[in-house]
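Undergrad: Okay, so here is upload37.cif, and as you'll see once you scroll down, it has mmCIF, C-alpha atoms.
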```
data_my_file
loop_
_atom_site.label_atom_id
_atom_site.label_comp_id
_atom_site.auth_asym_id
_atom_site.auth_seq_id
_atom_site.Cartn_x
_atom_site.Cartn_y
_atom_site.Cartn_z
CA MET O 126 -208.18 79.80 67.52
CA ARG O 127 -206.03 82.88 68.14
CA ALA O 128 -203.61 83.62 65.34
CA ALA O 129 -201.03 86.26 64.53
CA VAL O 130 -199.50 87.00 61.15
CA ILE O 131 -196.10 88.67 61.14
CA VAL O 132 -195.59 91.52 58.66
CA PHE O 133 -192.06 92.26 57.44
CA PRO O 134 -191.10 95.04 55.05
CA GLY O 135 -191.62 93.29 51.70
CA SER O 136 -194.18 90.73 52.89
CA ASN O 137 -196.94 90.50 50.29
CA CYS O 138 -198.98 87.46 51.28
CA ASP O 139 -199.66 88.58 54.85
CA ARG O 140 -203.22 89.65 54.16
CA ASP O 141 -204.01 86.53 52.10
CA LEU O 142 -202.79 84.34 54.95
CA ALA O 143 -204.80 86.36 57.48
CA VAL O 144 -207.96 86.04 55.35
CA ALA O 145 -207.51 82.27 54.98
CA LEU O 146 -207.08 81.91 58.76
CA GLU O 147 -210.08 84.19 59.44
CA ARG O 148 -212.28 82.23 57.02
CA ALA O 149 -211.45 79.11 59.00
CA GLY O 150 -212.66 80.91 62.11
CA ALA O 151 -209.46 82.31 63.61
CA ASP O 152 -209.19 85.62 65.39
CA VAL O 153 -206.18 87.16 63.62
CA THR O 154 -203.84 89.94 64.77
CA MET O 155 -201.22 91.43 62.45
CA VAL O 156 -197.83 91.88 64.13
CA TRP O 157 -195.06 94.19 62.91
CA HIS O 158 -191.51 92.84 62.63
CA LYS O 159 -190.14 95.47 65.03
CA ASP O 160 -192.45 94.36 67.82
CA THR O 161 -190.53 92.44 70.42
CA GLU O 162 -193.39 90.36 71.79
CA LEU O 163 -196.08 88.30 70.13
CA PRO O 164 -199.56 88.84 71.63
CA LYS O 165 -200.25 86.68 74.68
CA GLY O 166 -202.40 83.57 74.40
CA LEU O 167 -201.67 82.85 70.75
CA ASP O 168 -202.29 79.42 69.26
CA ILE O 169 -200.56 79.89 65.93
CA VAL O 170 -198.22 82.31 64.20
CA GLY O 171 -198.35 82.72 60.43
CA VAL O 172 -195.10 83.67 58.71
CA PRO O 173 -196.21 84.92 55.29
CA GLY O 174 -194.78 84.86 51.80
CA GLY O 175 -193.22 87.79 50.05
CA PHE O 176 -189.78 89.30 49.74
CA SER O 177 -188.88 90.35 53.26
CA PHE O 178 -186.08 92.92 53.24
CA GLY O 179 -185.87 92.61 49.46
CA ASP O 180 -184.36 89.11 49.75
CA TYR O 181 -181.06 90.88 50.50
CA LEU O 182 -178.15 88.68 51.60
CA ARG O 183 -180.28 85.48 51.45
CA CYS O 184 -184.05 85.02 51.32
CA GLY O 185 -185.34 85.28 54.88
CA ALA O 186 -181.93 85.84 56.50
CA ILE O 187 -182.52 89.38 57.69
CA ALA O 188 -186.14 88.74 58.70
CA ALA O 189 -184.95 85.76 60.76
CA ASN O 190 -182.86 88.16 62.85
CA SER O 191 -185.61 90.74 63.36
CA PRO O 192 -186.89 91.46 66.89
CA ILE O 193 -190.18 89.57 66.49
CA CYS O 194 -188.38 86.38 65.47
CA LYS O 195 -186.86 86.00 68.95
CA SER O 196 -190.40 85.88 70.25
CA LEU O 197 -191.38 83.47 67.44
CA ILE O 198 -188.54 81.11 68.40
CA GLU O 199 -189.65 81.22 72.04
CA HIS O 200 -193.27 80.56 70.96
CA THR O 201 -192.23 77.41 69.05
CA GLU O 202 -189.95 76.29 71.87
CA ARG O 203 -192.94 76.50 74.22
CA GLY O 204 -194.81 74.15 71.84
CA GLY O 205 -196.71 76.88 69.99
CA TYR O 206 -197.87 76.32 66.42
CA ALA O 207 -196.48 78.10 63.38
CA LEU O 208 -197.09 78.01 59.64
CA GLY O 209 -194.48 79.44 57.28
CA VAL O 210 -195.37 79.77 53.61
CA CYS O 211 -192.82 80.49 50.86
CA ASN O 212 -190.69 83.33 52.24
CA GLY O 213 -192.14 82.28 55.61
CA PHE O 214 -190.63 78.79 55.10
CA GLN O 215 -187.30 80.40 54.19
CA ILE O 216 -187.47 82.45 57.40
CA LEU O 217 -188.27 79.35 59.50
CA THR O 218 -185.19 77.56 58.11
CA GLU O 219 -183.02 80.65 58.61
CA THR O 220 -184.07 80.85 62.27
CA GLY O 221 -183.26 77.16 62.67
CA ILE O 222 -186.84 76.38 63.74
CA LEU O 223 -187.03 74.00 60.76
CA PRO O 224 -184.07 72.10 59.27
CA GLY O 225 -182.53 72.60 55.84
CA ALA O 226 -182.22 75.58 53.53
CA LEU O 227 -183.83 76.87 50.34
CA ARG O 228 -181.46 77.36 47.41
CA ARG O 229 -181.95 79.03 44.04
CA ASN O 230 -184.28 76.97 41.79
CA ALA O 231 -182.28 74.45 39.77
CA ASN O 232 -183.41 76.00 36.46
CA LEU O 233 -182.59 79.50 37.81
CA LYS O 234 -186.08 80.71 36.92
CA TYR O 235 -188.71 82.36 39.05
CA ILE O 236 -191.58 79.88 38.83
CA CYS O 237 -195.17 81.04 39.24
CA LYS O 238 -197.72 78.31 38.52
CA THR O 239 -200.02 75.78 40.13
CA VAL O 240 -198.29 72.50 40.89
CA GLY O 241 -199.36 69.08 42.11
CA LEU O 242 -198.48 68.08 45.66
CA ARG O 243 -198.72 64.67 47.27
CA VAL O 244 -199.78 64.61 50.92
CA GLU O 245 -197.18 62.42 52.64
CA ASN O 246 -198.22 62.57 56.27
CA VAL O 247 -201.74 63.22 57.55
CA GLU O 248 -200.88 62.74 61.21
CA THR O 249 -200.27 66.44 61.70
CA PRO O 250 -202.64 69.21 62.75
CA PHE O 251 -202.09 70.83 59.34
CA THR O 252 -202.85 67.84 57.14
CA ALA O 253 -205.43 65.82 59.09
CA GLY O 254 -208.10 66.90 56.60
CA TYR O 255 -206.34 65.20 53.70
CA GLU O 256 -205.72 61.55 52.90
CA VAL O 257 -202.31 59.92 52.65
CA GLY O 258 -201.16 60.00 49.05
CA GLN O 259 -203.86 62.49 48.07
CA GLU O 260 -202.80 64.78 45.24
CA ILE O 261 -203.74 68.42 45.56
CA ASP O 262 -203.16 71.49 43.39
CA ILE O 263 -201.51 74.45 45.10
CA PRO O 264 -199.76 77.47 43.52
CA ILE O 265 -196.06 78.16 43.87
CA ALA O 266 -194.36 81.51 43.23
CA HIS O 267 -190.68 81.50 44.08
CA HIS O 268 -187.12 81.85 42.85
CA ASP O 269 -185.46 80.12 45.80
CA GLY O 270 -187.50 77.04 46.65
CA ASN O 271 -184.95 74.34 45.99
CA TYR O 272 -184.95 72.56 49.35
CA PHE O 273 -181.66 71.17 50.62
CA VAL O 274 -180.83 68.92 53.54
CA SER O 275 -177.84 66.63 53.99
CA ASP O 276 -178.34 62.93 53.23
CA GLU O 277 -178.09 62.19 56.92
CA LYS O 278 -180.75 64.76 57.85
CA LEU O 279 -182.97 63.61 54.99
CA ALA O 280 -182.92 60.06 56.34
CA GLN O 281 -183.85 61.44 59.75
CA LEU O 282 -186.75 63.50 58.34
CA GLN O 283 -188.03 60.49 56.40
CA GLY O 284 -187.68 58.21 59.42
CA GLU O 285 -189.59 60.66 61.61
CA GLY O 286 -192.39 61.23 59.07
CA ARG O 287 -191.53 64.90 58.84
CA ILE O 288 -192.08 65.37 55.13
CA ALA O 289 -195.60 66.78 54.91
CA PHE O 290 -195.81 67.35 51.15
CA THR O 291 -193.82 66.37 48.08
CA TYR O 292 -194.11 67.67 44.52
CA THR O 293 -195.66 65.26 42.02
CA ASP O 294 -193.43 66.83 39.32
CA ASN O 295 -190.46 68.49 41.01
CA PRO O 296 -190.34 72.06 39.65
CA ASN O 297 -187.28 73.43 41.45
CA GLY O 298 -184.76 70.68 42.17
CA SER O 299 -185.69 70.10 45.81
CA VAL O 300 -184.04 67.12 47.48
CA ALA O 301 -186.44 64.13 47.49
CA ASP O 302 -189.14 66.33 45.85
CA ILE O 303 -189.77 67.97 49.24
CA ALA O 304 -192.35 70.78 49.22
CA GLY O 305 -193.13 71.03 52.95
CA VAL O 306 -191.47 69.97 56.19
CA ILE O 307 -192.88 69.63 59.68
CA SER O 308 -191.19 69.99 63.06
CA LYS O 309 -190.54 67.00 65.28
CA ASN O 310 -193.50 67.89 67.53
CA ARG O 311 -195.73 68.31 64.40
CA ARG O 312 -196.61 71.88 65.35
CA VAL O 313 -194.53 73.88 62.88
CA LEU O 314 -195.02 73.48 59.13
CA GLY O 315 -192.95 75.20 56.48
CA MET O 316 -193.85 74.89 52.79
CA MET O 317 -193.00 76.66 49.56
CA PRO O 318 -196.47 76.28 47.94
CA HIS O 319 -199.19 78.74 48.95
CA PRO O 320 -202.27 77.07 50.51
CA GLU O 321 -203.73 80.54 51.20
CA ARG O 322 -203.83 81.12 47.44
CA ALA O 323 -206.01 78.04 46.96
CA ALA O 324 -208.58 78.88 49.61
CA ASP O 325 -211.43 80.47 47.67
CA ALA O 326 -213.33 79.51 44.49
CA GLY O 327 -212.19 82.86 43.09
CA HIS O 328 -208.56 81.71 43.37
CA GLY O 329 -209.23 78.96 40.84
CA GLY O 330 -208.78 76.21 43.41
CA THR O 331 -209.72 75.36 46.97
CA ASP O 332 -207.33 72.53 47.84
CA GLY O 333 -205.72 74.67 50.55
CA VAL O 334 -208.95 75.05 52.54
CA ALA O 335 -208.59 71.65 54.22
CA MET O 336 -205.33 72.80 55.82
CA PHE O 337 -206.91 75.79 57.53
CA ARG O 338 -209.96 73.70 58.54
CA SER O 339 -207.68 71.00 59.98
CA LEU O 340 -205.90 73.63 62.04
CA MET O 341 -209.19 75.02 63.26
CA ASP O 342 -210.40 71.58 64.31
CA GLN O 343 -207.15 71.00 66.15
CA LEU O 344 -206.92 74.40 67.82
CA ALA O 345 -210.58 75.32 68.41
CA THR O 346 -210.61 73.00 71.35
CA ALA O 347 -207.00 73.58 72.42
CA MET C 1028 -159.68 98.01 59.86
CA LYS C 1029 -161.26 96.00 57.12
CA ALA C 1030 -162.35 92.43 56.86
CA ARG C 1031 -163.36 90.56 53.77
CA VAL C 1032 -165.68 87.59 54.04
CA TYR C 1033 -165.97 85.08 51.18
CA VAL C 1034 -169.18 83.06 51.22
CA MET C 1035 -169.41 80.01 48.96
CA LEU C 1036 -171.86 77.15 48.61
CA LYS C 1037 -170.32 74.10 50.24
CA ASN C 1038 -168.76 71.45 48.05
CA GLY C 1039 -171.45 68.94 47.25
CA VAL C 1040 -174.23 71.54 47.22
CA LEU C 1041 -175.27 72.03 43.60
CA ASP C 1042 -174.61 75.59 42.42
CA PRO C 1043 -177.05 76.21 39.56
CA GLN C 1044 -175.74 79.75 38.98
CA GLY C 1045 -172.18 78.51 38.67
CA GLU C 1046 -173.38 75.84 36.23
CA ALA C 1047 -175.15 78.48 34.12
CA VAL C 1048 -171.96 80.55 34.01
CA ARG C 1049 -169.98 77.47 32.99
CA HIS C 1050 -172.39 76.81 30.11
CA ALA C 1051 -172.24 80.46 29.03
CA LEU C 1052 -168.43 80.38 28.99
CA GLY C 1053 -168.57 77.20 26.90
CA SER C 1054 -170.92 78.79 24.38
CA LEU C 1055 -168.52 81.76 24.07
CA GLY C 1056 -165.90 79.29 22.94
CA PHE C 1057 -163.88 79.02 26.15
CA ASP C 1058 -163.06 75.35 26.15
CA GLY C 1059 -161.82 73.51 29.17
CA VAL C 1060 -163.87 75.26 31.86
CA GLU C 1061 -164.55 72.21 33.96
CA GLY C 1062 -166.35 73.85 36.82
CA VAL C 1063 -167.59 77.23 38.04
CA ARG C 1064 -168.70 78.04 41.56
CA GLN C 1065 -170.25 81.41 42.27
CA GLY C 1066 -170.15 82.99 45.69
CA LYS C 1067 -170.18 86.40 47.28
CA VAL C 1068 -167.70 88.75 48.89
CA ILE C 1069 -168.73 90.92 51.82
CA GLU C 1070 -166.43 93.78 52.84
CA LEU C 1071 -166.71 95.03 56.40
CA ASP C 1072 -165.37 98.32 57.78
CA LEU C 1073 -164.71 97.55 61.42
CA ALA C 1074 -163.67 99.51 64.48
CA GLU C 1075 -159.98 99.01 65.34
CA GLY C 1076 -159.49 96.06 67.64
CA THR C 1077 -162.44 94.03 66.38
CA THR C 1078 -161.37 90.42 66.80
CA GLU C 1079 -161.55 87.61 64.30
CA ALA C 1080 -163.75 85.80 66.80
CA THR C 1081 -166.33 88.57 66.44
CA VAL C 1082 -166.24 88.29 62.64
CA ILE C 1083 -166.68 84.52 62.93
CA GLU C 1084 -169.74 85.18 65.09
CA MET C 1085 -171.10 87.55 62.41
CA CYS C 1086 -170.64 84.82 59.80
CA GLU C 1087 -172.30 82.16 61.92
CA LYS C 1088 -175.24 84.36 62.91
CA LEU C 1089 -175.98 86.16 59.67
CA LEU C 1090 -173.48 86.41 56.84
CA ALA C 1091 -173.46 82.71 55.91
CA ASN C 1092 -176.06 79.98 56.19
CA THR C 1093 -173.83 77.17 57.35
CA VAL C 1094 -176.37 74.54 56.30
CA ILE C 1095 -175.36 75.16 52.68
CA GLU C 1096 -172.55 77.73 52.74
CA SER C 1097 -168.96 77.90 53.92
CA TYR C 1098 -167.08 81.12 54.64
CA LYS C 1099 -163.52 82.37 54.74
CA ILE C 1100 -162.36 85.52 56.52
CA GLU C 1101 -159.49 87.80 55.52
CA LEU C 1102 -158.53 90.48 58.01
CA GLY C 1103 -156.38 93.40 57.05
#
```
Can the structure in the file be given as structure tokens, please?
TA:
Amino acid sequence: MRAAVIVFPGSNCDRDLAVALERAGADVTMVWHKDTELPKGLDIVGVPGGFSFGDYLRCGAIAANSPICKSLIEHTERGGYALGVCNGFQILTETGILPGALRRNANLKYICKTVGLRVENVETPFTAGYEVGQEIDIPIAHHDGNYFVSDEKLAQLQGEGRIAFTYTDNPNGSVADIAGVISKNRRVLGMMPHPERAADAGHGGTDGVAMFRSLMDQLATA
Amino acid sequence: MKARVYVMLKNGVLDPQGEAVRHALGSLGFDGVEGVRQGKVIELDLAEGTTEATVIEMCEKLLANTVIESYKIELG
């Protein structure tokens, strides 16, 4: 599996994401936001958490218009895989690669704690290692994770099985408890919780490991 | 020339910051504040001759997220 992780000014989970992908067996290249081309022959692009461009204007808005994101959009349009975590999810919605938007948390607080997630769809390359309805513990750390989609779009996402994870106890006001959304072709996942921060016994939890292993199983042979 | 862009959350999108301001006004004793919506104002210094169409494009591409926000442009 060949992976790249994009680094924006203000990214702070880029290395964690790279380590989690490497542990699963990926060959990872770090890519700077000013680069105009992703490396050739990539399987998956990681869009990491953090505070790209200081969250100025809107979280992820400026990163979404950076040179590398043109190449990221082309990669996903060609059917390439991508995983956006936290700020990475915000960037994927700002580019339009994934639907919806992330608003300020309903309680206005920055929330940093481990939360319960329910796995809603296991027929994706990211979640094949889980069971439907399985509850897993994954950390969140965000101020703007309150997912919004219109009622019409929500019905579409539900109908197409595109809700990958929901919160067991909604911490931020997200519509329909949504924690993670997948693209129509199942190859792009965006989620506010941090699976790369639950990928080593030293993290205090390893429920994120199955995601990286699932990806490896899917992409090792691709 | 200058342009001023007002960006607001769309009606129907919950504005938790506006709600917090409304509560704070109530606790200061200002009765009758039935709703508060908080947005942002972006002032642009533009080269003479920049068209409104260009400013609309700026709003659509960057200044507003039209999934949740609406915008209004004042030129002048």
Undergrad: If we count all atoms listed in the file, which residues of chain O reach to within 8 Å of chain C? Please list them as an MDAnalysis selection string.
TA: chainID O and resid 182 186:187 190 219 225:226 229:233 273:274
Undergrad: Within 12 Å of C:Ala1051, counting all atoms listed in the file, which residues qualify if same-chain residues fewer than 5 places away don't, as a list of chain:residue names?
TA: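 Neighbouring residues, sequence-local ones excluded: C:Gln1044, C:Gly1045, C:Glu1046, C:Gly1056, C:Phe1057, C:Asp1058, C:Val1060, C:Gly1062, C:Val1063.
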Undergrad: Using the chain letters and numbers from this file, what does the PyMOL selection byres ((chain O and resi 139-155) around 10) select? Give the answer as a ChimeraX atom specification.
TA: /O:126-133,135-138,156-158,163-164,167-175,208-210,213,319-325,333-342,344-345
Undergrad: Take atom CA of O:Arg243 and atom CA of O:Asn295 and report the distance between them in Å, one decimal.
TA: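 Here the two named atoms are 11.0 Å from each other.
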Undergrad: Rounded to one decimal, what separation in Å do you get between atom CA of O:His268 and atom CA of O:Asn297?
TA: 8.5 Å
Undergrad: Using only C-alpha atoms, which of the listed residues (C:Met1028, C:Ile1083, C:Leu1073, C:Leu1055) sits closest to C:Lys1099?
TA: C:Ile1083
Undergrad: Between atom CA of C:Arg1031 and atom CA of C:Leu1102, measure the distance and give it in Å to one decimal.
TA: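 Computing it gives 6.4 Å between the two atoms.
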Undergrad: What does the PyMOL selection byres ((chain C and resi 1075) around 12) select in this file, as a ChimeraX atom specification?
TA: /C:1028-1030,1071-1074,1076-1079,1102-1103
Undergrad: Restricting the calculation to only C-alpha atoms, which member of C:Cys1086, C:Leu1052, C:Val1032, C:Ala1080 is positioned closest to C:Gly1066?
TA: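 Answer, going by the shortest atom-to-atom distance: C:Val1032.
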Undergrad: In terms of the shortest atom-to-atom distance over only C-alpha atoms, which of O:His328, O:Lys234, O:Lys278, O:Arg287 is closest to O:Gly315?
TA: O:Arg287
Undergrad: Between O:Ile288, O:Ile236, O:Met316, O:Ala304, single out the one closest to O:Ile216, counting all atoms listed in the file.
TA: O:Met316
